[in-house]
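Take a look at the structure set out below.
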Amino acid sequence: MGEQGSGGEEKRAKGVKKGTAAAKSTATAKPAAAKEAAVKKVAPAKKAEAAAVTAPKPPRDESRTALVRRARRINRELAEVYPYAHPELDFENPFQLVVATVLSAQTTDLRVNQTTPGLFAKYPTPEDLAAADPEDVEEILRPTGFFRAKTKSVIGLSKALVEQFGGEVPGRLEDLVKLPGVGRKTAFVVLGNAFGRPGITVDTHFQRLVRRWRWTEATEPDKIEAEVGALFPKSEWTMLSHHVIFHGRRICHARKPACGACPIAPLCPAYGEGETDPEKAQKLLKYEKGGFPGQRLNPPQAYLDAGGRPAPPLGAG
């Protein structure tokens, strides 16, 4: 799913800046305690030269118990930073969500959200989209890229919904993955966010972060899903996915993670792969913190209350 923090993010990011000055002067404190204090509690560093947080690196031979504790603590920390985490695709019902998720392949959620209003205005039900002229659908979906293949998928899944499920999106994994264009990732997005059934969404952000955090060394989505899922209660899987994906899009970027602005730096074995200077790291922050609106045209109220901004409609920016 595609590619801004808010009030909660700013407080946490500022906490990182505050901690950098104190990390130097706490030489007598225990290293881990000093590092944690550096992230959360101390007064802001002056503009001059803020020292970067030095994060401890969990050992390669970390025990299973220690890994579970660290993983769950990371999720708790991210839940505080992103209390408004949510799926970043606009949808009003399961049909809209499954179509939007299929369309999100190889593009951003923002682009999908800017495109689907026109699609659903013209084809509001599976019956409507199943009977659509492919050329008309292709024209609507052109901005999302790979529009011919995506047209074939969304018309095909609409026909399958009409012919096999009475025009209703099924609420079972084994049924969803039979629909054209729907794999396990898409199925879990739909199950978790339209039906309230726990699932882990292994997108590119999720894969990158859980490997950086050494929650798994697997590279195949199915194995990542299984190994990470085993670290958490099943009831936490859906929100865990949102927390990790939000963090990956906003701070822990693929090419240059903003390590110096990361709220979980003391828990991250990959700390230092990106920019560790707090002031420079702040400049790498994307989305709302960078002055850009979020993915959704119609985001949840909690996101707006936290200071997030809606995305612009297609052609408006």
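Following the order of the structure tokens, first chain is A, next is B, and so on, with residues numbered from 1 inside each chain and ligands from 1 in the order they appear.
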**Q.** Residue contacts of A:His205 (12 Å, only C-alpha atoms) excluding same-chain residues fewer than 2 positions away, as a PyMOL selection string
**A.** chain A and resi 1-3+201-203+207-212+221+241-255+257
Q. Taking into account only C-alpha atoms, which residue in the set A:Val98, A:Leu314, A:Ala66, A:Leu141 is nearest to A:Ala194?
A.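 The shortest atom-to-atom distance to A:Ala194 comes from A:Val98.
The gap separating atom CA of A:Ala218 from atom CA of A:Ala71 is 15.9 Å, in Å to one decimal.
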Taking the backbone alone, and naming residues the way the document does, which bits of stretch 188-273 of chain A are helix (DSSP H, G or I) by DSSP, as a PDB file with C-alpha atoms, in the first residue's frame?
ATOM      1  CA  PHE A 188      -5.679  -9.824   5.112  1.00  0.00           C
ATOM      2  CA  VAL A 189      -6.189  -6.115   4.431  1.00  0.00           C
ATOM      3  CA  VAL A 190      -9.852  -6.832   3.713  1.00  0.00           C
ATOM      4  CA  LEU A 191     -10.334  -9.260   6.606  1.00  0.00           C
ATOM      5  CA  GLY A 192      -8.669  -7.002   9.157  1.00  0.00           C
ATOM      6  CA  ASN A 193     -10.191  -3.687   8.123  1.00  0.00           C
ATOM      7  CA  ALA A 194     -13.584  -4.579   6.655  1.00  0.00           C
ATOM      8  CA  THR A 204       7.173  -3.804   1.259  1.00  0.00           C
ATOM      9  CA  HIS A 205       7.350  -1.532   4.322  1.00  0.00           C
ATOM     10  CA  PHE A 206       6.456  -4.329   6.697  1.00  0.00           C
ATOM     11  CA  GLN A 207       9.025  -6.666   5.163  1.00  0.00           C
ATOM     12  CA  ARG A 208      11.776  -4.066   5.360  1.00  0.00           C
ATOM     13  CA  LEU A 209      11.187  -3.081   8.981  1.00  0.00           C
ATOM     14  CA  VAL A 210      10.697  -6.506  10.549  1.00  0.00           C
ATOM     15  CA  ARG A 211      13.952  -7.650   8.957  1.00  0.00           C
ATOM     16  CA  ARG A 212      15.761  -4.526  10.167  1.00  0.00           C
ATOM     17  CA  PRO A 221       5.906 -13.056   2.588  1.00  0.00           C
ATOM     18  CA  ASP A 222       4.230 -16.227   3.843  1.00  0.00           C
ATOM     19  CA  LYS A 223       7.164 -17.072   6.096  1.00  0.00           C
ATOM     20  CA  ILE A 224       7.448 -13.482   7.340  1.00  0.00           C
ATOM     21  CA  GLU A 225       3.744 -13.516   8.155  1.00  0.00           C
ATOM     22  CA  ALA A 226       4.066 -16.759  10.111  1.00  0.00           C
ATOM     23  CA  GLU A 227       7.249 -15.875  12.008  1.00  0.00           C
ATOM     24  CA  VAL A 228       6.176 -12.355  12.968  1.00  0.00           C
ATOM     25  CA  GLY A 229       2.660 -13.504  13.819  1.00  0.00           C
ATOM     26  CA  LYS A 234      -3.467 -12.784  17.202  1.00  0.00           C
ATOM     27  CA  SER A 235      -5.713  -9.949  18.397  1.00  0.00           C
ATOM     28  CA  GLU A 236      -2.859  -7.473  17.774  1.00  0.00           C
ATOM     29  CA  TRP A 237      -2.024  -8.486  14.214  1.00  0.00           C
ATOM     30  CA  THR A 238      -4.102  -5.909  12.319  1.00  0.00           C
ATOM     31  CA  MET A 239      -2.992  -2.890  14.360  1.00  0.00           C
ATOM     32  CA  LEU A 240       0.589  -4.174  14.412  1.00  0.00           C
ATOM     33  CA  SER A 241       0.518  -4.040  10.612  1.00  0.00           C
ATOM     34  CA  HIS A 242      -0.728  -0.439  10.667  1.00  0.00           C
ATOM     35  CA  HIS A 243       1.883   0.649  13.228  1.00  0.00           C
ATOM     36  CA  VAL A 244       4.769  -0.881  11.280  1.00  0.00           C
ATOM     37  CA  ILE A 245       3.591   0.433   7.904  1.00  0.00           C
ATOM     38  CA  PHE A 246       3.006   3.939   9.289  1.00  0.00           C
ATOM     39  CA  HIS A 247       6.513   3.950  10.743  1.00  0.00           C
ATOM     40  CA  GLY A 248       8.035   2.662   7.513  1.00  0.00           C
ATOM     41  CA  ARG A 249       6.398   5.361   5.450  1.00  0.00           C
ATOM     42  CA  ARG A 250       7.130   8.209   7.810  1.00  0.00           C
ATOM     43  CA  CYS A 259      17.473   7.161  12.731  1.00  0.00           C
ATOM     44  CA  GLY A 260      18.104  10.381  14.664  1.00  0.00           C
ATOM     45  CA  ALA A 261      14.364  11.097  14.778  1.00  0.00           C
ATOM     46  CA  ALA A 265      16.077   3.867  18.296  1.00  0.00           C
ATOM     47  CA  PRO A 266      17.139   2.226  21.597  1.00  0.00           C
ATOM     48  CA  LEU A 267      15.357  -0.964  20.538  1.00  0.00           C
TER      49      LEU A 267
END
(Q) Applying 9 Å and only C-alpha atoms, which residues near A:Leu161 remain after dropping the ones on its own chain fewer than 3 positions away? List them as a list in words. (A)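 So the residues in contact are Pro126, Glu127, Ala130, Gly156, Leu157, Ser158, Gln164, Phe165, Gly166, Gly167, Glu168, Val169, Pro170 and Leu179 of chain A.
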Any chance you could export the current selection's N, CA and C atoms as a PDB file, in the first residue's frame?
ATOM      1  N   PRO A 126     -20.625  -4.551  -7.290  1.00  0.00           N
ATOM      2  CA  PRO A 126     -19.973  -5.586  -8.095  1.00  0.00           C
ATOM      3  C   PRO A 126     -20.721  -5.858  -9.397  1.00  0.00           C
ATOM      4  N   GLU A 127     -22.036  -5.808  -9.343  1.00  0.00           N
ATOM      5  CA  GLU A 127     -22.839  -6.038 -10.552  1.00  0.00           C
ATOM      6  C   GLU A 127     -22.532  -4.984 -11.612  1.00  0.00           C
ATOM      7  N   ALA A 130     -18.917  -5.548 -12.932  1.00  0.00           N
ATOM      8  CA  ALA A 130     -18.832  -6.795 -13.710  1.00  0.00           C
ATOM      9  C   ALA A 130     -19.334  -6.588 -15.130  1.00  0.00           C
ATOM     10  N   GLY A 156     -12.818  -8.875 -13.312  1.00  0.00           N
ATOM     11  CA  GLY A 156     -12.855 -10.308 -13.042  1.00  0.00           C
ATOM     12  C   GLY A 156     -13.293 -10.627 -11.629  1.00  0.00           C
ATOM     13  N   LEU A 157     -12.772  -9.896 -10.642  1.00  0.00           N
ATOM     14  CA  LEU A 157     -13.176 -10.185  -9.264  1.00  0.00           C
ATOM     15  C   LEU A 157     -14.634  -9.788  -9.034  1.00  0.00           C
ATOM     16  N   SER A 158     -15.094  -8.759  -9.735  1.00  0.00           N
ATOM     17  CA  SER A 158     -16.506  -8.359  -9.625  1.00  0.00           C
ATOM     18  C   SER A 158     -17.416  -9.450 -10.183  1.00  0.00           C
ATOM     19  N   GLN A 164     -20.301 -16.196  -7.793  1.00  0.00           N
ATOM     20  CA  GLN A 164     -19.994 -17.181  -6.757  1.00  0.00           C
ATOM     21  C   GLN A 164     -20.435 -16.795  -5.350  1.00  0.00           C
ATOM     22  N   PHE A 165     -20.608 -15.494  -5.108  1.00  0.00           N
ATOM     23  CA  PHE A 165     -20.883 -15.063  -3.734  1.00  0.00           C
ATOM     24  C   PHE A 165     -22.082 -14.123  -3.630  1.00  0.00           C
ATOM     25  N   GLY A 166     -22.960 -14.157  -4.628  1.00  0.00           N
ATOM     26  CA  GLY A 166     -24.165 -13.346  -4.566  1.00  0.00           C
ATOM     27  C   GLY A 166     -23.927 -11.863  -4.500  1.00  0.00           C
ATOM     28  N   GLY A 167     -22.803 -11.403  -5.046  1.00  0.00           N
ATOM     29  CA  GLY A 167     -22.508  -9.972  -5.065  1.00  0.00           C
ATOM     30  C   GLY A 167     -21.938  -9.446  -3.759  1.00  0.00           C
ATOM     31  N   GLU A 168     -21.608 -10.350  -2.831  1.00  0.00           N
ATOM     32  CA  GLU A 168     -21.052  -9.946  -1.536  1.00  0.00           C
ATOM     33  C   GLU A 168     -19.588 -10.388  -1.431  1.00  0.00           C
ATOM     34  N   VAL A 169     -18.765  -9.561  -0.791  1.00  0.00           N
ATOM     35  CA  VAL A 169     -17.370  -9.925  -0.553  1.00  0.00           C
ATOM     36  C   VAL A 169     -17.335 -10.952   0.574  1.00  0.00           C
ATOM     37  N   PRO A 170     -16.737 -12.120   0.334  1.00  0.00           N
ATOM     38  CA  PRO A 170     -16.686 -13.148   1.381  1.00  0.00           C
ATOM     39  C   PRO A 170     -15.762 -12.743   2.522  1.00  0.00           C
ATOM     40  N   LEU A 179     -10.340 -14.947  -5.635  1.00  0.00           N
ATOM     41  CA  LEU A 179     -10.759 -13.854  -6.510  1.00  0.00           C
ATOM     42  C   LEU A 179      -9.591 -13.371  -7.366  1.00  0.00           C
TER      43      LEU A 179
END
(Q) What's the separation between atom CA of A:Leu304 and atom CA of A:Pro233, in Å to one decimal place? (A)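 Atom CA of A:Pro233 lies at a distance of 28.9 Å from atom CA of A:Leu304.
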Q: Quick one: pull the distance between atom CA of A:Arg172 and atom CA of A:Arg184, Å, one decimal.
A: 11.1 Å
